[in-house]
Amino acid sequence: MSIYEVNGRQYTADPKPGQCLRTFLRDLEVFGVKKGCDAGDCGACTVWLDGKPFHSCLVPAFRGAGRKITTVEGLAKDGEMHPVQKAFHDAQAFQCGYCAAGMMMTVASLDPSQHQDLPHALKGNLCRCTGYRSIEDALHGRSNIEEDVAGRACGASLPNPFTDAILTGQAHYTMDVAMPGLLHLKVLRSPHAHARITTIDKTKALAVPGVVAVYSWQDVPRRLYSTALHEDHLVDPDDTYMLDNVVRFAGQRVAAVVAESEAAAEAGCRALEVDYELLPAVFDPVLAMAPDAPLLHDKDVVTEHGNVYCDLHGEIGDVAKGFAEADVIHEATYSTSRVQHVHLETHGSIAWQGDDKRWHVRTSSQGPFAAHKKLCYLMGLRGRDLHVFTERVGGGFGGKQEMISEDLVLFATMKLGRPVKWEWTREEEFIGATTRHQMTTKVRIGARKDGTLTAVDVHVVSNTGAYGNHGSETLGAAMASPIAAYRCENKKGLGVAVYTNMVPGGGFRGYGASQTTFAIECAIDDLAHKLGLDPLAMRRKNVVRPGDNVESIWKEPGDASFGSYGIEECLDTVERELARGNGVEKPAGADWAEGKGVALAMLECGPPTEHRSAADIRLQPDGSYHLAVGSCEMGNGIVTAHQQIAASILGVRARDIHIVIADTDRTPYDTGTFASTGTVVAGKAVHLTAEAMREDILDFASRHTGTERGACRLKGDTVLCGNKRIALAELHAAGTKVEHRFAASRKAYLSPRTIAFNVQGVRLAVHRVTGEIRILHSVHAADIGRPINPMQCRGQLDGAIAMGYGWALTENMVHEDGRMVNPQLRNYRIPAWADTPRTDLFFAGTIDRIGPLGAKSQGECAINPVAPAVSNALADALGRRFAHLPFTPDRLFAELAKR
Ligand code: FES
Ligand code: FES
């Protein structure tokens, strides 16, 4: 046995053969050490060895013996946070917080010279949420937080209530629990894009020491379902089995192995002997629509025809007439690429049976209630026999609007009677989780000489991959707001979502609208250039206005409505800021060309399908409040925003609201935290509930004190009743005597859906030979209504914009015959610090009359105008359109060389 000193505490232990320091430390229950990749690419696992930072996933555990190991839990001394932790606290330099431990361990080790070159010094630490701005603020000693003052919570930049726990490594993410008797599950994934499994021989796998069970398609319930999480399960096709005898993409689950350790489960997977009958595969959705294309699904799965899972079409006005009236018509095809969410915390769940004999699932999900329903259906459970919850989720971005880990762990624990855990690897995220749908959009658009649009015709082909989860809904979103953003009497659209043997698409920030926003915003620029008009003026002329029917291609009336209108202010702001010329100069030399581009995006806040939420609130004996909301916190800041909404109605400090979230036992129902609903639906439920609580308190206080109701009002932790003042704690005690419970609950449902806008401006330089792109100036204006927490809203926008730059410039899933050839962070390349331009951010001064306390949605839409603004700037610089994402240097170089 060796001695390990971790955070000043001695452990006597021996690592397993080949074990890395990261997993060894976690076996010691030092959970501040996180995993983002296990390949040395993300820095989430950074610890110190004798005061020097290392990626612990790359360090053999035995090397830690006899050395001083420090993790984030050991950074604070004598109860005092380390100065770096304090700086991260004051700048709120995190969102989901999953990267923060590793980031701080690196930052705390930097010497003054490294501080002079932060992009280089922090190249080994990735953050997917923040866009790095708040981290930079922390490193420069800037504070972004305001004081929590009773009655003034709304509109204040208040810190996340779990800040201290996150920054000291005490916050528990999904996998950060130890459990006696825990088993580990791993899956064997298909190497083939399309094949029938003829036999699975489990013998050798079961003989691997430590392997407890192996499950294949014959062992699990044969029930079709969709992995997508929505309120209405009918919007997604039931086309998936937990384990199937046909694999339809390279990366699909083939069999599950459960073992005493992860290593044994992996060895068990390797020992499985599987025979496949290879089937013809198709990867291109256009080819998949051909009459002789191989069919992905048999008749059990309902499609429109062949591999076309869903088609959507419609026309308003008369598009043929509109084109006849046009002076200029532009027609072109634009396409967007498949990208992955890369939430730093991978998917994972743990299931067990409690002492209450019920089944419990702890999961990294954006929709525990929707997952609960699906699990009950699959396992034949009654709702009351199953408990699903999240604690702290390390990012989602739509990737966790999917039930893709919970089913197998629950199945295995029900079979084996022991707790079972499944934590995904980074490679599995790329090959087995969902992606943004790849879409190709043909746009035909006509206008009069003065720029007035006369006709818009859009044809979208969406590659939904092997399964149709989110296929129709993302297609619906693609055919909605990007087209509805422009007023035009004649609009037409046809969209198809097509099955192919690719990894399935899924929900992803921007949800389908991102893809067609790219196409339409590029087409608007191209049309403006043909007309000799300024593209920004073209947008101003044609963008929807209050009083317009906000309509896309469908004649049926919609429920989108202007609760406020800030697009003009956003366009003015971006135009002004680009003209001001902030940012940096173009590099010297004739090989560098410079261009400017702008794009806008519109968001109907919330999904068109039903989305429900509820909140419960109780006054506590000490005069504070207990708030329960079903929505999830995954870095979206919703816990803070909900506290602030309740606090501002009840006139207290945000920290007087104690909140629990996302738990099917402890919180009321919530459809799920996706589709930008955290503020406008769950926040609305909180708003209504807090109002009901206030009325209940004042009614009781009026009766209790014999004061007229109109003379009673809340003031902090007291009620003023005329000239009497009664503390809430005292009132609670009085209520208890007469069995008055001081509890309220309200539900919310989003209709009408209000409308938000975002405008992105980009000035860039592009190297005419190599295709290298440098962002010289990035400016963004957001019409998101009243920011409940301006700091957090800026963070959401920063993160979404950074993701937009990643989509446009660095991220690329490369597939050959359906297999991803670069399923590693270092080869896929989400933006690192050095890749992420700092964006000048502005809010339109709108206060919405529909959203809670004047707020609108803001988590998603900022990503949508980024890629088209880059494309428009590129076209401006080079005088020609690059219509197909991404603009990675290799692709741009090839294009430039071709031309
Ligand atoms: S988990 Fe070690 S660097 Fe990513
Ligand atoms: S806060 Fe950095 S990954 Fe989420």
# chains A, B, ... in the order shown; residues from 1 in each chain; ligands from 1
>>> select_by_dssp(residues="range 213-431 of chain A", states="alpha helix (DSSP H)", output="ChimeraX atom specification")
/A:262-271,285-288,319-324,368-379,406-416,426-431
>>> select_by_dssp(residues="range 239-414 of chain A", states="strand (DSSP E)", output="ChimeraX atom specification")
/A:246-247,253-259,273-278,308-316,328-336,348-353,359-363,386-389
>>> atom_distance(atom1="CA of Cys127 in chain A", atom2="CA of Asn636 in chain A")
14.1 Å
>>> residues_around(residues="Met791 in chain A", least_positions_apart="5", cutoff="8 Å", atoms="only C-alpha atoms", output="PDB file with N, CA, C and O atoms, in the first residue's frame")
ATOM      1  N   ASN A 144     -18.510  41.408 -10.957  1.00  0.00           N
ATOM      2  CA  ASN A 144     -19.729  41.550 -11.773  1.00  0.00           C
ATOM      3  C   ASN A 144     -20.990  41.481 -10.929  1.00  0.00           C
ATOM      4  O   ASN A 144     -22.088  41.444 -11.480  1.00  0.00           O
ATOM      5  N   ILE A 145     -20.846  41.406  -9.607  1.00  0.00           N
ATOM      6  CA  ILE A 145     -22.043  41.159  -8.789  1.00  0.00           C
ATOM      7  C   ILE A 145     -22.477  42.411  -8.039  1.00  0.00           C
ATOM      8  O   ILE A 145     -21.685  43.306  -7.760  1.00  0.00           O
ATOM      9  N   SER A 157     -27.631  42.123 -10.678  1.00  0.00           N
ATOM     10  CA  SER A 157     -26.678  41.065 -11.037  1.00  0.00           C
ATOM     11  C   SER A 157     -26.267  40.321  -9.772  1.00  0.00           C
ATOM     12  O   SER A 157     -25.222  40.590  -9.182  1.00  0.00           O
ATOM     13  N   LEU A 158     -27.127  39.419  -9.360  1.00  0.00           N
ATOM     14  CA  LEU A 158     -26.885  38.691  -8.110  1.00  0.00           C
ATOM     15  C   LEU A 158     -26.136  37.393  -8.400  1.00  0.00           C
ATOM     16  O   LEU A 158     -26.295  36.796  -9.462  1.00  0.00           O
TER      17      LEU A 158
END
>>> closest_atom_pairs(of="chain A", to="ligand 2", cutoff="6 Å", atoms="only C-alpha atoms and all ligand atoms", output="Markdown table")
| residue | atom | partner | partner_atom_place_in_ligand_line | distance |
| --- | --- | --- | --- | --- |
| A:Phe94 | CA | ligand 2 | 1 (S) | 4.0 |
| A:Gln95 | CA | ligand 2 | 1 (S) | 4.0 |
| A:Cys96 | CA | ligand 2 | 4 (Fe) | 3.9 |
| A:Gly97 | CA | ligand 2 | 1 (S) | 4.0 |
| A:Tyr98 | CA | ligand 2 | 4 (Fe) | 5.0 |
| A:Cys99 | CA | ligand 2 | 2 (Fe) | 4.3 |
| A:Cys127 | CA | ligand 2 | 2 (Fe) | 3.7 |
| A:Arg128 | CA | ligand 2 | 3 (S) | 4.4 |
| A:Cys129 | CA | ligand 2 | 4 (Fe) | 4.4 |
| A:Thr130 | CA | ligand 2 | 1 (S) | 5.8 |
| A:Leu344 | CA | ligand 2 | 3 (S) | 5.3 |
| A:Gly394 | CA | ligand 2 | 4 (Fe) | 5.9 |
| A:Gly395 | CA | ligand 2 | 4 (Fe) | 5.6 |
>>> closest_residue(among="A:Arg63, A:Arg768, A:Arg426, A:His780", to="ligand 1", atoms="only C-alpha atoms and all ligand atoms")
A:Arg426
>>> residues_near_ligand(ligand="ligand 1", cutoff="7 Å", atoms="only C-alpha atoms and all ligand atoms", output="list in words")
Lys34, Lys35, Gly36, Cys37, Asp38, Ala39, Gly40, Asp41, Cys42, Gly43, Ala44, Cys45, Thr46, His55, Ser56, Cys57 and Leu58 of chain A
>>> write_last_selection(atoms="N, CA and C atoms", output="PDB file, in the first residue's frame")
ATOM      1  N   LYS A  34     -12.863  16.713 -12.058  1.00  0.00           N
ATOM      2  CA  LYS A  34     -13.910  16.394 -13.031  1.00  0.00           C
ATOM      3  C   LYS A  34     -13.333  15.724 -14.277  1.00  0.00           C
ATOM      4  N   LYS A  35     -14.272  15.186 -15.060  1.00  0.00           N
ATOM      5  CA  LYS A  35     -13.874  14.597 -16.337  1.00  0.00           C
ATOM      6  C   LYS A  35     -14.596  15.291 -17.480  1.00  0.00           C
ATOM      7  N   GLY A  36     -13.821  15.801 -18.443  1.00  0.00           N
ATOM      8  CA  GLY A  36     -14.445  16.303 -19.658  1.00  0.00           C
ATOM      9  C   GLY A  36     -14.048  15.482 -20.862  1.00  0.00           C
ATOM     10  N   CYS A  37     -12.912  14.791 -20.755  1.00  0.00           N
ATOM     11  CA  CYS A  37     -12.434  14.086 -21.951  1.00  0.00           C
ATOM     12  C   CYS A  37     -11.598  12.849 -21.639  1.00  0.00           C
ATOM     13  N   ASP A  38     -10.900  12.839 -20.522  1.00  0.00           N
ATOM     14  CA  ASP A  38      -9.946  11.762 -20.198  1.00  0.00           C
ATOM     15  C   ASP A  38      -8.883  11.612 -21.279  1.00  0.00           C
ATOM     16  N   ALA A  39      -8.542  12.724 -21.913  1.00  0.00           N
ATOM     17  CA  ALA A  39      -7.554  12.652 -22.992  1.00  0.00           C
ATOM     18  C   ALA A  39      -6.595  13.842 -22.963  1.00  0.00           C
ATOM     19  N   GLY A  40      -6.638  14.615 -21.896  1.00  0.00           N
ATOM     20  CA  GLY A  40      -5.702  15.733 -21.791  1.00  0.00           C
ATOM     21  C   GLY A  40      -6.103  16.970 -22.566  1.00  0.00           C
ATOM     22  N   ASP A  41      -7.376  17.044 -23.007  1.00  0.00           N
ATOM     23  CA  ASP A  41      -7.765  18.151 -23.879  1.00  0.00           C
ATOM     24  C   ASP A  41      -8.543  19.273 -23.200  1.00  0.00           C
ATOM     25  N   CYS A  42      -9.216  18.986 -22.075  1.00  0.00           N
ATOM     26  CA  CYS A  42     -10.176  19.976 -21.571  1.00  0.00           C
ATOM     27  C   CYS A  42      -9.752  20.657 -20.282  1.00  0.00           C
ATOM     28  N   GLY A  43      -8.926  20.039 -19.483  1.00  0.00           N
ATOM     29  CA  GLY A  43      -8.456  20.669 -18.256  1.00  0.00           C
ATOM     30  C   GLY A  43      -9.402  20.551 -17.074  1.00  0.00           C
ATOM     31  N   ALA A  44     -10.554  19.896 -17.245  1.00  0.00           N
ATOM     32  CA  ALA A  44     -11.509  19.795 -16.136  1.00  0.00           C
ATOM     33  C   ALA A  44     -10.936  19.012 -14.961  1.00  0.00           C
ATOM     34  N   CYS A  45      -9.921  18.222 -15.230  1.00  0.00           N
ATOM     35  CA  CYS A  45      -9.359  17.333 -14.208  1.00  0.00           C
ATOM     36  C   CYS A  45      -8.086  17.906 -13.582  1.00  0.00           C
ATOM     37  N   THR A  46      -7.797  19.190 -13.814  1.00  0.00           N
ATOM     38  CA  THR A  46      -6.511  19.741 -13.388  1.00  0.00           C
ATOM     39  C   THR A  46      -6.343  19.689 -11.866  1.00  0.00           C
ATOM     40  N   HIS A  55      -2.889  17.747 -15.855  1.00  0.00           N
ATOM     41  CA  HIS A  55      -4.160  17.113 -16.212  1.00  0.00           C
ATOM     42  C   HIS A  55      -4.122  15.709 -15.604  1.00  0.00           C
ATOM     43  N   SER A  56      -4.909  15.499 -14.577  1.00  0.00           N
ATOM     44  CA  SER A  56      -4.759  14.257 -13.813  1.00  0.00           C
ATOM     45  C   SER A  56      -5.183  13.031 -14.613  1.00  0.00           C
ATOM     46  N   CYS A  57      -5.926  13.235 -15.714  1.00  0.00           N
ATOM     47  CA  CYS A  57      -6.303  12.075 -16.527  1.00  0.00           C
ATOM     48  C   CYS A  57      -5.104  11.539 -17.311  1.00  0.00           C
ATOM     49  N   LEU A  58      -4.037  12.350 -17.401  1.00  0.00           N
ATOM     50  CA  LEU A  58      -2.853  11.907 -18.136  1.00  0.00           C
ATOM     51  C   LEU A  58      -1.753  11.394 -17.205  1.00  0.00           C
TER      52      LEU A  58
END
>>> residues_around(residues="range 607-618 of chain A", least_positions_apart="2", cutoff="9 Å", atoms="only C-alpha atoms", output="CSV table (one decimal) with C-alpha atoms, in the first residue's frame")
chain,number,residue,atom,x,y,z
A,230,HIS,CA,-41.1,16.8,-25.2
A,231,GLU,CA,-44.4,17.5,-23.4
A,232,ASP,CA,-46.2,15.7,-26.2
A,235,VAL,CA,-44.4,15.0,-32.0
A,473,GLU,CA,-39.8,19.8,-34.4
A,477,ALA,CA,-38.6,25.6,-36.1
A,558,GLY,CA,-50.3,31.5,-34.7
A,559,ASP,CA,-49.9,32.7,-31.1
A,560,ALA,CA,-46.7,34.7,-31.6
A,604,GLU,CA,-40.8,33.2,-30.8
A,605,CYS,CA,-40.1,32.7,-27.1
A,620,GLN,CA,-41.1,28.8,6.6
A,624,SER,CA,-37.9,32.7,4.7
A,625,TYR,CA,-39.5,31.0,1.8
A,626,HIS,CA,-39.1,27.6,0.3
A,627,LEU,CA,-39.6,27.5,-3.5
A,628,ALA,CA,-39.9,24.3,-5.5
A,629,VAL,CA,-39.7,24.5,-9.3
A,630,GLY,CA,-39.4,21.5,-11.7
A,631,SER,CA,-37.0,23.1,-14.1
A,667,THR,CA,-41.0,19.7,-7.0
A,668,PRO,CA,-44.1,20.2,-9.1
A,669,TYR,CA,-44.2,19.2,-12.8
A,670,ASP,CA,-42.2,20.9,-15.5
A,671,THR,CA,-42.0,19.8,-19.1
A,672,GLY,CA,-38.3,20.3,-19.2
A,674,PHE,CA,-35.3,23.6,-23.1
A,675,ALA,CA,-36.7,25.8,-25.8
A,676,SER,CA,-35.8,28.9,-23.9
A,677,THR,CA,-38.6,28.3,-21.4
A,681,VAL,CA,-42.6,29.5,-18.6
A,682,ALA,CA,-41.1,28.3,-15.4
A,683,GLY,CA,-40.3,31.9,-14.4
A,684,LYS,CA,-43.9,32.8,-15.1
A,685,ALA,CA,-45.1,30.0,-12.8
A,686,VAL,CA,-42.8,31.4,-10.1
A,687,HIS,CA,-44.2,34.8,-10.7
A,688,LEU,CA,-47.8,33.7,-10.4
A,689,THR,CA,-47.0,31.6,-7.3
A,690,ALA,CA,-45.2,34.3,-5.5
A,693,MET,CA,-48.2,33.7,-1.7
A,741,ARG,CA,-50.3,26.7,5.9
A,742,PHE,CA,-49.0,29.7,4.0
A,743,ALA,CA,-48.5,27.7,0.8
A,744,ALA,CA,-49.3,28.6,-2.8
A,745,SER,CA,-48.9,26.8,-6.1
A,746,ARG,CA,-49.6,28.0,-9.6
A,747,LYS,CA,-49.1,26.7,-13.1
A,748,ALA,CA,-48.0,28.4,-16.3
A,749,TYR,CA,-48.3,27.7,-19.9
A,750,LEU,CA,-46.9,29.9,-22.6
A,751,SER,CA,-49.4,31.4,-24.9
A,753,ARG,CA,-45.5,33.5,-27.2
>>> atom_distance(atom1="CA of Asp665 in chain A", atom2="CA of His372 in chain A")
10.8 Å
>>> residues_around(residues="Leu295 in chain A", least_positions_apart="4", cutoff="8 Å", atoms="only C-alpha atoms", output="PDB file with all heavy atoms, in the first residue's frame")
ATOM      1  N   ALA A 288     -31.069   9.373 -49.964  1.00  0.00           N
ATOM      2  CA  ALA A 288     -31.978   8.547 -49.156  1.00  0.00           C
ATOM      3  C   ALA A 288     -33.429   8.686 -49.608  1.00  0.00           C
ATOM      4  O   ALA A 288     -34.268   7.853 -49.279  1.00  0.00           O
ATOM      5  CB  ALA A 288     -31.851   8.918 -47.679  1.00  0.00           C
ATOM      6  N   GLY A 306     -41.128   6.235 -47.745  1.00  0.00           N
ATOM      7  CA  GLY A 306     -39.731   5.811 -47.781  1.00  0.00           C
ATOM      8  C   GLY A 306     -38.983   6.291 -46.547  1.00  0.00           C
ATOM      9  O   GLY A 306     -39.437   6.105 -45.415  1.00  0.00           O
ATOM     10  N   ASN A 307     -37.855   6.941 -46.786  1.00  0.00           N
ATOM     11  CA  ASN A 307     -37.056   7.448 -45.661  1.00  0.00           C
ATOM     12  C   ASN A 307     -37.450   8.857 -45.237  1.00  0.00           C
ATOM     13  O   ASN A 307     -36.820   9.417 -44.339  1.00  0.00           O
ATOM     14  CB  ASN A 307     -35.572   7.438 -46.057  1.00  0.00           C
ATOM     15  CG  ASN A 307     -35.006   6.024 -46.106  1.00  0.00           C
ATOM     16  OD1 ASN A 307     -35.307   5.206 -45.242  1.00  0.00           O
ATOM     17  ND2 ASN A 307     -34.212   5.733 -47.129  1.00  0.00           N
TER      18      ASN A 307
END
>>> residues_around(residues="range 484-495 of chain A", least_positions_apart="4", cutoff="7 Å", atoms="only C-alpha atoms", output="CSV table (one decimal) with N, CA, C and O atoms, in the first residue's frame")
chain,number,residue,atom,x,y,z
A,311,ASP,N,-42.7,15.6,-43.7
A,311,ASP,CA,-42.6,16.7,-44.6
A,311,ASP,C,-43.6,17.8,-44.1
A,311,ASP,O,-44.6,17.5,-43.6
A,312,LEU,N,-43.1,19.0,-44.3
A,312,LEU,CA,-43.9,20.2,-43.9
A,312,LEU,C,-44.0,21.1,-45.1
A,312,LEU,O,-42.9,21.4,-45.7
A,313,HIS,N,-45.1,21.6,-45.3
A,313,HIS,CA,-45.2,22.6,-46.5
A,313,HIS,C,-46.3,23.5,-46.2
A,313,HIS,O,-47.3,23.3,-45.5
A,314,GLY,N,-46.3,24.6,-46.9
A,314,GLY,CA,-47.3,25.6,-46.8
A,314,GLY,C,-47.1,26.8,-47.7
A,314,GLY,O,-46.0,27.0,-48.2
A,315,GLU,N,-48.1,27.6,-47.9
A,315,GLU,CA,-48.0,28.8,-48.7
A,315,GLU,C,-48.9,29.9,-48.2
A,315,GLU,O,-50.1,29.5,-48.0
A,316,ILE,N,-48.5,31.1,-48.1
A,316,ILE,CA,-49.4,32.2,-47.9
A,316,ILE,C,-49.3,33.1,-49.1
A,316,ILE,O,-48.2,33.2,-49.7
A,317,GLY,N,-50.4,33.8,-49.5
A,317,GLY,CA,-50.3,34.6,-50.7
A,317,GLY,C,-50.2,33.8,-51.9
A,317,GLY,O,-50.6,32.6,-52.0
A,318,ASP,N,-49.5,34.3,-52.9
A,318,ASP,CA,-49.3,33.6,-54.2
A,318,ASP,C,-47.9,33.9,-54.6
A,318,ASP,O,-47.5,35.0,-55.1
A,319,VAL,N,-47.0,32.9,-54.3
A,319,VAL,CA,-45.6,33.0,-54.5
A,319,VAL,C,-45.3,33.2,-56.0
A,319,VAL,O,-44.4,34.1,-56.3
A,322,GLY,N,-45.8,36.7,-56.7
A,322,GLY,CA,-44.8,37.5,-56.0
A,322,GLY,C,-43.5,37.6,-56.8
A,322,GLY,O,-42.9,38.6,-57.0
A,453,LEU,N,-39.6,43.1,-50.3
A,453,LEU,CA,-39.7,41.7,-50.7
A,453,LEU,C,-41.0,41.4,-51.3
A,453,LEU,O,-42.1,41.9,-50.8
A,454,THR,N,-41.0,40.6,-52.4
A,454,THR,CA,-42.3,40.3,-53.0
A,454,THR,C,-42.6,38.8,-52.9
A,454,THR,O,-43.7,38.3,-53.0
A,455,ALA,N,-41.6,38.0,-52.8
A,455,ALA,CA,-41.8,36.5,-52.7
A,455,ALA,C,-40.6,35.8,-52.0
A,455,ALA,O,-39.5,36.2,-52.2
A,456,VAL,N,-40.9,34.8,-51.2
A,456,VAL,CA,-39.9,34.0,-50.5
A,456,VAL,C,-40.3,32.6,-50.7
A,456,VAL,O,-41.4,32.2,-50.4
A,457,ASP,N,-39.4,31.8,-51.1
A,457,ASP,CA,-39.6,30.3,-51.3
A,457,ASP,C,-38.4,29.6,-50.7
A,457,ASP,O,-37.3,29.8,-51.1
A,458,VAL,N,-38.7,28.7,-49.8
A,458,VAL,CA,-37.6,28.1,-49.0
A,458,VAL,C,-37.8,26.5,-49.1
A,458,VAL,O,-38.9,26.1,-48.9
A,459,HIS,N,-36.8,25.9,-49.4
A,459,HIS,CA,-36.9,24.4,-49.5
A,459,HIS,C,-35.8,23.8,-48.6
A,459,HIS,O,-34.6,24.0,-48.8
A,460,VAL,N,-36.2,23.1,-47.6
A,460,VAL,CA,-35.2,22.6,-46.6
A,460,VAL,C,-35.1,21.1,-46.6
A,460,VAL,O,-36.2,20.4,-46.6
A,461,VAL,N,-33.9,20.6,-46.6
A,461,VAL,CA,-33.7,19.1,-46.5
A,461,VAL,C,-32.9,18.9,-45.2
A,461,VAL,O,-31.8,19.4,-45.1
A,475,LEU,N,-37.4,20.7,-37.7
A,475,LEU,CA,-37.8,21.2,-39.1
A,475,LEU,C,-38.9,22.3,-39.0
A,475,LEU,O,-38.8,23.3,-39.7
A,480,ALA,N,-40.1,28.2,-39.5
A,480,ALA,CA,-41.0,29.2,-38.8
A,480,ALA,C,-40.3,30.6,-38.6
A,480,ALA,O,-40.3,31.4,-39.6
A,542,ASN,N,-37.6,45.4,-44.4
A,542,ASN,CA,-38.5,44.3,-44.5
A,542,ASN,C,-38.8,43.5,-43.2
A,542,ASN,O,-39.6,42.6,-43.2
A,543,VAL,N,-38.1,43.9,-42.1
A,543,VAL,CA,-38.3,43.1,-40.9
A,543,VAL,C,-39.8,43.3,-40.4
A,543,VAL,O,-40.4,44.4,-40.6
A,544,VAL,N,-40.3,42.3,-39.7
A,544,VAL,CA,-41.7,42.4,-39.2
A,544,VAL,C,-41.8,43.5,-38.2
A,544,VAL,O,-40.9,43.9,-37.5
A,550,VAL,N,-47.6,38.0,-37.7
A,550,VAL,CA,-46.2,37.3,-37.6
A,550,VAL,C,-46.4,35.9,-38.2
A,550,VAL,O,-46.9,35.0,-37.5
A,551,GLU,N,-46.1,35.8,-39.5
A,551,GLU,CA,-46.4,34.5,-40.1
A,551,GLU,C,-45.3,34.0,-41.0
A,551,GLU,O,-44.6,34.7,-41.6
A,552,SER,N,-45.2,32.7,-41.0
A,552,SER,CA,-44.2,32.0,-41.8
A,552,SER,C,-45.0,31.6,-43.1
A,552,SER,O,-45.4,32.4,-43.9
A,553,ILE,N,-45.1,30.3,-43.3
A,553,ILE,CA,-45.7,29.8,-44.5
A,553,ILE,C,-47.1,29.2,-44.3
A,553,ILE,O,-47.7,28.7,-45.2
A,602,MET,N,-34.8,36.1,-35.2
A,602,MET,CA,-36.0,36.3,-34.5
A,602,MET,C,-36.3,35.0,-33.7
A,602,MET,O,-36.1,33.9,-34.2
>>> residues_around(residues="Leu809 in chain A", least_positions_apart="4", cutoff="7 Å", atoms="only C-alpha atoms", output="PyMOL selection string")
chain A and resi 805+886-888
>>> closest_residue(among="A:Met379, A:Ala178, A:Asn827, A:Phe430", to="Arg26 in chain A", atoms="only C-alpha atoms")
A:Ala178
>>> atom_distance(atom1="CA of Ile784 in chain A", atom2="CA of Val149 in chain A")
23.8 Å
>>> closest_residue(among="A:Leu126, A:Val584, A:Leu49, A:Val814", to="Gly66 in chain A", atoms="only C-alpha atoms")
A:Leu49
>>> closest_residue(among="A:Cys570, A:Leu533, A:Val339, A:Ala869", to="Gly806 in chain A", atoms="only C-alpha atoms")
A:Val339
>>> decode(residues="range 189-198 of chain A", atoms="N, CA, C and O atoms", output="mmCIF file, in the first residue's frame")
data_model
loop_
_atom_site.group_PDB
_atom_site.id
_atom_site.type_symbol
_atom_site.label_atom_id
_atom_site.label_comp_id
_atom_site.auth_asym_id
_atom_site.auth_seq_id
_atom_site.Cartn_x
_atom_site.Cartn_y
_atom_site.Cartn_z
ATOM 1 N N ARG A 189 -20.709 -0.435 -28.876
ATOM 2 C CA ARG A 189 -21.380 0.355 -29.923
ATOM 3 C C ARG A 189 -21.044 -0.207 -31.304
ATOM 4 O O ARG A 189 -19.962 -0.770 -31.502
ATOM 5 N N SER A 190 -21.953 -0.013 -32.206
ATOM 6 C CA SER A 190 -21.787 -0.614 -33.538
ATOM 7 C C SER A 190 -20.650 0.050 -34.316
ATOM 8 O O SER A 190 -20.582 1.275 -34.395
ATOM 9 N N PRO A 191 -19.796 -0.782 -34.955
ATOM 10 C CA PRO A 191 -18.803 -0.203 -35.866
ATOM 11 C C PRO A 191 -19.408 0.028 -37.253
ATOM 12 O O PRO A 191 -18.771 0.644 -38.097
ATOM 13 N N HIS A 192 -20.595 -0.477 -37.483
ATOM 14 C CA HIS A 192 -21.202 -0.416 -38.821
ATOM 15 C C HIS A 192 -22.336 0.597 -38.859
ATOM 16 O O HIS A 192 -23.066 0.771 -37.884
ATOM 17 N N ALA A 193 -22.497 1.189 -40.030
ATOM 18 C CA ALA A 193 -23.551 2.193 -40.170
ATOM 19 C C ALA A 193 -24.922 1.551 -40.366
ATOM 20 O O ALA A 193 -25.945 2.160 -40.067
ATOM 21 N N HIS A 194 -24.940 0.341 -40.892
ATOM 22 C CA HIS A 194 -26.228 -0.320 -41.090
ATOM 23 C C HIS A 194 -25.989 -1.829 -41.116
ATOM 24 O O HIS A 194 -25.244 -2.314 -41.990
ATOM 25 N N ALA A 195 -26.537 -2.528 -40.192
ATOM 26 C CA ALA A 195 -26.294 -3.975 -40.141
ATOM 27 C C ALA A 195 -27.362 -4.643 -39.281
ATOM 28 O O ALA A 195 -27.965 -4.014 -38.407
ATOM 29 N N ARG A 196 -27.588 -5.903 -39.607
ATOM 30 C CA ARG A 196 -28.477 -6.708 -38.762
ATOM 31 C C ARG A 196 -27.589 -7.564 -37.872
ATOM 32 O O ARG A 196 -26.596 -8.149 -38.344
ATOM 33 N N ILE A 197 -27.919 -7.620 -36.592
ATOM 34 C CA ILE A 197 -27.136 -8.444 -35.670
ATOM 35 C C ILE A 197 -27.654 -9.869 -35.790
ATOM 36 O O ILE A 197 -28.834 -10.132 -35.522
ATOM 37 N N THR A 198 -26.792 -10.764 -36.239
ATOM 38 C CA THR A 198 -27.264 -12.151 -36.396
ATOM 39 C C THR A 198 -27.066 -12.945 -35.105
ATOM 40 O O THR A 198 -27.940 -13.682 -34.684
#
